[in-house]
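Trainee: Mind looking over this structure? Questions follow.
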Amino acid sequence: MKPSPDKITLIGAGLNGPLLAILLRQRGFDVEVYERRPDMRQVRVNAGRSINLALSARGIYALQQTGLWERMRSIIIPMRGRMMHSLAGELTFQPYGQNETEVINSISRAELNIALMNAAEEQGATIHFNQRCTGYDMETGTIRLREGNPRSETSCQPTVLIACDGSTSAIRMAMLKLNRFDFSQQHLGHGYKELTIPAGARGEHLLETNALHIWPRGNLMLIALPNIDGTFACILFLPFEGPESFASLNTPEQVRAFFQSRFADAAQLMPQLTENYFANPTGSMVTIKCSPWHVGGKALLLGDAAHAIVPFFGQGINCGFEDCTALVDLIDQHGSDWARIFPEFESQRKTNTDAIADMAVENFIEMRDRVADSRFLFRKKVELALEQKYPKLFIPKYAMVTFHRIPYSVALARGTVQDRMLEELCESIHRVEDLDWKKADQLIHRNLTPLEIPQ
Ligand SMILES: Cc1cc2nc3c(=O)[nH]c(=O)nc-3n(C[C@H](O)[C@H](O)[C@H](O)COP(=O)(O)OP(=O)(O)OC[C@H]3O[C@@H](n4cnc5c(N)ncnc54)[C@H](O)[C@@H]3O)c2cc1C
C-alpha cells in the first residue's frame with residue numbers, strides 16, 4: 001500500500017494504543033498518541049488494573065503481525081492449566097488444552113506496555129505523555145487536551161481520531177450526545193484487589209510455575225499468575241458488600257483471619273498480606289456495550305473504549321488486539337476510506353465483542369464455583385476426548401476462544417449446542433471409557449458442521 005498523507009491521532013497509550021500505532025506506522029501513516037499518564041519508563045506509575053494478563057491466540061497473532069512476539073517470549077510464562085487449591089490445601093491440576101502448545105501466557109501488564117511503547121516509538125510514532133483528553137467536539141472534530149502540571153488546555157483538530165482510552169473513554173463520553181447513541185454499562189457486585197506472593201529465597205516460585213492457580217470458594221475466589229521474577233501476581237475477587245466482602249474486612253486482624261479460614265495455604269506465602277491489602281485499591285469490573293463506535297469517518301472507538309468486558313475469560317486485551325488487526329485488514333483493503341472502514345469495522349466486530357462480553361460474565365461463575373466440582377472436571381475430560389476424535393467438528397468453547405481465532409460469536413453459538421450434547425453424553429457415566437461413542441458420533445454429526453479455523 002502507498003503511504004497515506006493522513007495523520008492518525010490516538011488517545012491512550014495503554015495496551016491497544018501503542019499496538020495500533022505500530023501497525024499503522026507499518027502502513028506508512030503518521031501517528032501521534034496522547035496519554036494522560038506520565039511516561040512509565042521514566043516515572044514509576046501504577047500500571048493500572050491487574051498487574052498480570054493472560055495472553056492467548058488472538059493477542060499472540062497481533063504481536064506476530066508487529067514482529068514483536070519473539071521478543072516477548074523472554075517475558076512470558078506459559079500456564080498449561082488450572083491448579084485448583086481446595087479449602088484443605090489439596091491440589092488438582094486441570095490442563096487447559098490438548099498438549100503443550102495449548103497454553104495461556106502470563107505477562108506483566110507494565111512490561112508489555114513498555115515493550116509496545118518502545119516499539120511504537122522505534123517505528124516513528126510520537127507519544128505525548130501527561131496529556132489528558134478532556135473533550136471532543138463532534139461537529140468540528142476538535143479535541144481538548146490538558147497537561148497535568150502546569151495545568152494548561154490546548155486543542156487540536158485531528159484528521160482521523162481513534163480512541164484507545166479504555167473503559168472510561170473521554171471520546172465515548174462526548175459521543176453520548178450523538179443522536180440515537182446506545183450505551184449500557186453493567187457493574188459486577190464483586191470488586192478485585194491485587195496482592196503478591198513473593199519469590200522464595202533463591203528467587204524461585206513458591207507454587208507450581210506453569211499454572212494459573214485458583215482458590216475457588218463459591219461466591220469469592222483468589223487467583224495467582226506467575227511472574228518471571230519468581231513472584232506471583234494474585235487477584236482477590238470478593239463481593240463489595242455482605243458478610244464476606246470488602247466492606248467487612250476493615251482491620252489487619254480481620255484480613256488475616258479471613259485468609260486463614262478461606263485461603264490458608266496462600267496466606268502462609270504472603271508475609272506482606274495485610275500491608276498489600278490496605279495499600280492497594282479495590283477495583284470494580286464493568287461490561288460496557290455501545291453503538292455506534294464511530295463518528296462518520298472522523299473518529300472511532302477501539303478496545304475497552306468500545307467494549308469493556310469483565311476479566312474472567314482473560315480476553316480483554318486479546319479481544320482489543322484482535323480489533324487492531326481487524327482494523328488494519330480493512331485499511332489494507334480500502335486504503336484511507338475511513339467513512340467506509342469505520343462502519344464496516346463495527347459491523348464485523350460488534351457481534352463478536354458482545355459475545356465475548358457475555359461469555360466473560362458466564363465464566364465468572366465457572367471459575368469461582370464450578371471448577372471445584374468433580375462433575376464439571378469430568379465434563380472437561382470428555383470434551384478433550386471428543387475434540388481428539390473430531391478435531392474439525394468439536395472444539396471445546398474454552399479452546400475456540402483461547403487457542404484459536406474462531407470468531408467469538410461462533411464460539412458462543414457452538415458452545416451452547418455442545419453444552420447440551422455434553423449434558424446428554426455425561427448424564428449417567430463417570431469414566432471417559434464409558435462414553436457412548438455411537439451416540440456421540442450421531443449427536444456431533446447431527447448438530448455440528450465442520451469448523452473453519454483461521455490460521
Ligand atoms: C482485574 C483485571 C484482569 C484482567 N486480566 C486480563 C487478562 O488476563 N487477559 C486479557 O486479555 N485482558 C485482561 N484484562 C482486560 C485488559 O486489562 C483490558 O482489556 C485492556 O487493558 C484494554 O486495553 P485498552 O488499551 O483498550 O485500555 P487501557 O489498557 O485501559 O488503556 C487506556 C489508556 O488510555 C489512557 N487514558 C484514559 N483516559 C484518557 C484520556 N482522557 N486522555 C488521555 N489518555 C487517557 C489511560 O491512562 C491508559 O493508558 C483484565 C482486566 C482487569 C480489570
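Every chain in the C-alpha cells takes a letter, A first, then B, and so on in the order presented; its residues are numbered from 1, and the ligands are numbered from 1 following the presented order.
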As a PyMOL selection string, please: every protein or nucleic acid residue near ligand 1 (cut-off 6 Å, counting only C-alpha atoms and all ligand atoms).

Mentor: chain A and resi 11-17+34-37+49-50+53-55+131-134+164-166+169-170+303-305+311+314-318

Trainee: For the alpha helix (DSSP H) assignment from backbone DSSP, which residues of segment 116-264 of chain A qualify? Please present them as number ranges by chain.

Mentor: A: 116-122, 170-175, 252-262, 264

Trainee: Please provide as a list of chain:residue names all residues within 7 Å of segment 121-130 of chain A, with the sequence filter that same-chain residues fewer than 2 positions apart are discarded (counting only C-alpha atoms).

Mentor: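 That gives A:Ala21, A:Ile22, A:Arg25, A:Asp30, A:Val31, A:Glu32, A:Val33, A:Tyr34, A:Glu35, A:Arg36, A:Arg37, A:Pro38, A:Asp39, A:Met117, A:Asn118, A:Ala119, A:Arg132, A:Glu147, A:Gly148.
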
Trainee: For a test of reading the model, state the distance in Å between atom CA of Ser374 of chain A and atom CA of Met84 of chain A, rounded to one decimal.

Mentor: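 Distance between the two atoms: 11.6 Å.
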
Trainee: Name the residues in contact with Arg379 of chain A at a cut-off of 10 Å, using only C-alpha atoms, excluding same-chain residues fewer than 6 positions from it; report them as a list in words.

Mentor: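 With the cut-off at 10 Å, the set is Ala385, Asp419, Leu422, Glu423, Leu425, Cys426, Glu427, His430, Arg431 and Val432 of chain A.
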
Trainee: With only C-alpha atoms as the counted atoms, please give the residues lying no more than 10 Å from Gln98 of chain A, apart from itself and same-chain residues fewer than 5 positions off, as a list in words.

Mentor: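 Residues near the query, excluding close chain neighbours: Arg80, Val103, Leu384, Ala385, Glu387, Gln388 and Ala399 of chain A.
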
Trainee: Could you write out that same residue set with N, CA and C atoms as an mmCIF file, in the first residue's frame?

Mentor:
```cif
data_model
loop_
_atom_site.group_PDB
_atom_site.id
_atom_site.type_symbol
_atom_site.label_atom_id
_atom_site.label_comp_id
_atom_site.auth_asym_id
_atom_site.auth_seq_id
_atom_site.Cartn_x
_atom_site.Cartn_y
_atom_site.Cartn_z
ATOM 1 N N ARG A 80 -0.013 -24.011 31.737
ATOM 2 C CA ARG A 80 -0.563 -25.158 30.996
ATOM 3 C C ARG A 80 -1.972 -25.527 31.442
ATOM 4 N N VAL A 103 -1.634 -23.447 25.631
ATOM 5 C CA VAL A 103 -1.371 -22.839 26.941
ATOM 6 C C VAL A 103 -1.811 -21.380 26.875
ATOM 7 N N LEU A 384 -12.300 -32.938 25.970
ATOM 8 C CA LEU A 384 -10.992 -33.126 25.332
ATOM 9 C C LEU A 384 -10.973 -34.414 24.509
ATOM 10 N N ALA A 385 -11.656 -35.463 25.044
ATOM 11 C CA ALA A 385 -11.704 -36.737 24.307
ATOM 12 C C ALA A 385 -12.482 -36.552 23.002
ATOM 13 N N GLU A 387 -12.823 -33.780 21.321
ATOM 14 C CA GLU A 387 -12.030 -32.951 20.409
ATOM 15 C C GLU A 387 -10.950 -33.787 19.716
ATOM 16 N N GLN A 388 -10.365 -34.732 20.507
ATOM 17 C CA GLN A 388 -9.314 -35.562 19.915
ATOM 18 C C GLN A 388 -9.863 -36.380 18.745
ATOM 19 N N ALA A 399 -11.410 -23.623 24.261
ATOM 20 C CA ALA A 399 -10.342 -23.692 23.255
ATOM 21 C C ALA A 399 -10.665 -22.809 22.051
#
```

Trainee: Can you pull out every residue within 12 Å of Trp69 of chain A, counting only C-alpha atoms, but drop anything in the same chain fewer than 6 positions away, and send it as a ChimeraX atom specification?

Mentor: /A:19,55-63,75-76,105,112,115-116,119

Trainee: Output C-alpha atoms of each residue in that selection to a file, as a tab-separated table (two decimals), in the first residue's frame.

Mentor:
```tsv
chain	number	residue	atom	x	y	z
A	19	LEU	CA	-0.02	-1.78	19.33
A	55	LEU	CA	-2.16	-13.64	26.55
A	56	SER	CA	-3.60	-16.19	24.14
A	57	ALA	CA	-4.04	-16.87	20.41
A	58	ARG	CA	-5.61	-13.57	19.31
A	59	GLY	CA	-3.12	-11.47	21.27
A	60	ILE	CA	-0.20	-13.57	20.04
A	61	TYR	CA	-1.36	-13.28	16.42
A	62	ALA	CA	-1.43	-9.47	16.71
A	63	LEU	CA	2.04	-9.41	18.28
A	75	ILE	CA	8.96	-12.09	29.44
A	76	ILE	CA	6.10	-14.60	29.38
A	105	ASN	CA	0.75	-16.94	28.78
A	112	LEU	CA	4.02	-5.45	27.85
A	115	ALA	CA	7.68	-3.08	25.11
A	116	LEU	CA	4.81	-1.80	22.97
A	119	ALA	CA	8.41	-0.44	19.58
```

Trainee: Per DSSP on the backbone, what are the strand (DSSP E) residues of segment 100-201 of chain A, as an MDAnalysis selection string?

Mentor: chainID A and resid 104:108 126:128 131:137 142:147 152:156 160:163 182:197

Trainee: Interatomic distance between atom CA of Glu362 of chain A and atom CA of His213 of chain A?

Mentor: 19.3 Å

Trainee: Need to verify the contact set: Thr351 of chain A, 12 Å, only C-alpha atoms, exclusion of same-chain residues closer than 2 positions in sequence. Can you return it as a count of residues only?

Mentor: 22

Trainee: Which one is closest to Ile395 of chain A: A:Ile429, A:Met367, A:Ile444, A:Ala211? Count only C-alpha atoms.

Mentor: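 Using only C-alpha atoms, Ile395 of chain A sits closest to A:Ile444.
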
Trainee: Which one is closest to Asn363 of chain A: A:Pro281, A:Tyr398, A:Asp434, A:Phe232? Count only C-alpha atoms.

Mentor: A:Tyr398

Trainee: Between atom CA of Gly97 of chain A and atom CA of Phe237 of chain A, what is the spacing in Å?

Mentor: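 Computing it gives 25.1 Å between the two atoms.
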
Trainee: List as a tab-separated table every residue of segment 233-331 of chain A that is in contact with segment 339-342 of chain A, defined as an atom at most 10 Å from one of its atoms (using only C-alpha atoms), together with the nearest atom pair and the distance in Å rounded to one decimal, sorted by chain and then rising number.

Mentor:
```
residue	atom	partner	partner_atom	distance
A:Pro292	CA	A:Phe342	CA	9.6
A:Trp293	CA	A:Phe342	CA	7.9
A:His294	CA	A:Phe342	CA	6.3
A:Val295	CA	A:Phe342	CA	8.6
A:Gly296	CA	A:Ala339	CA	5.7
A:Gly297	CA	A:Ala339	CA	3.8
A:Lys298	CA	A:Ala339	CA	7.6
A:Ala299	CA	A:Phe342	CA	8.2
A:Leu300	CA	A:Phe342	CA	6.6
A:Leu301	CA	A:Phe342	CA	9.3
A:Leu327	CA	A:Ile341	CA	7.8
A:Val328	CA	A:Ile341	CA	9.5
A:Asp329	CA	A:Ile341	CA	9.8
A:Leu330	CA	A:Ile341	CA	6.2
A:Ile331	CA	A:Ile341	CA	6.9
```

Trainee: Check the smallest atom-to-atom distance from each of A:Gln442, A:Leu20, A:Leu206, A:Met40 to Ala110 of chain A using only C-alpha atoms, then report the winner.

Mentor: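 Closest to Ala110 of chain A, using only C-alpha atoms: A:Met40.
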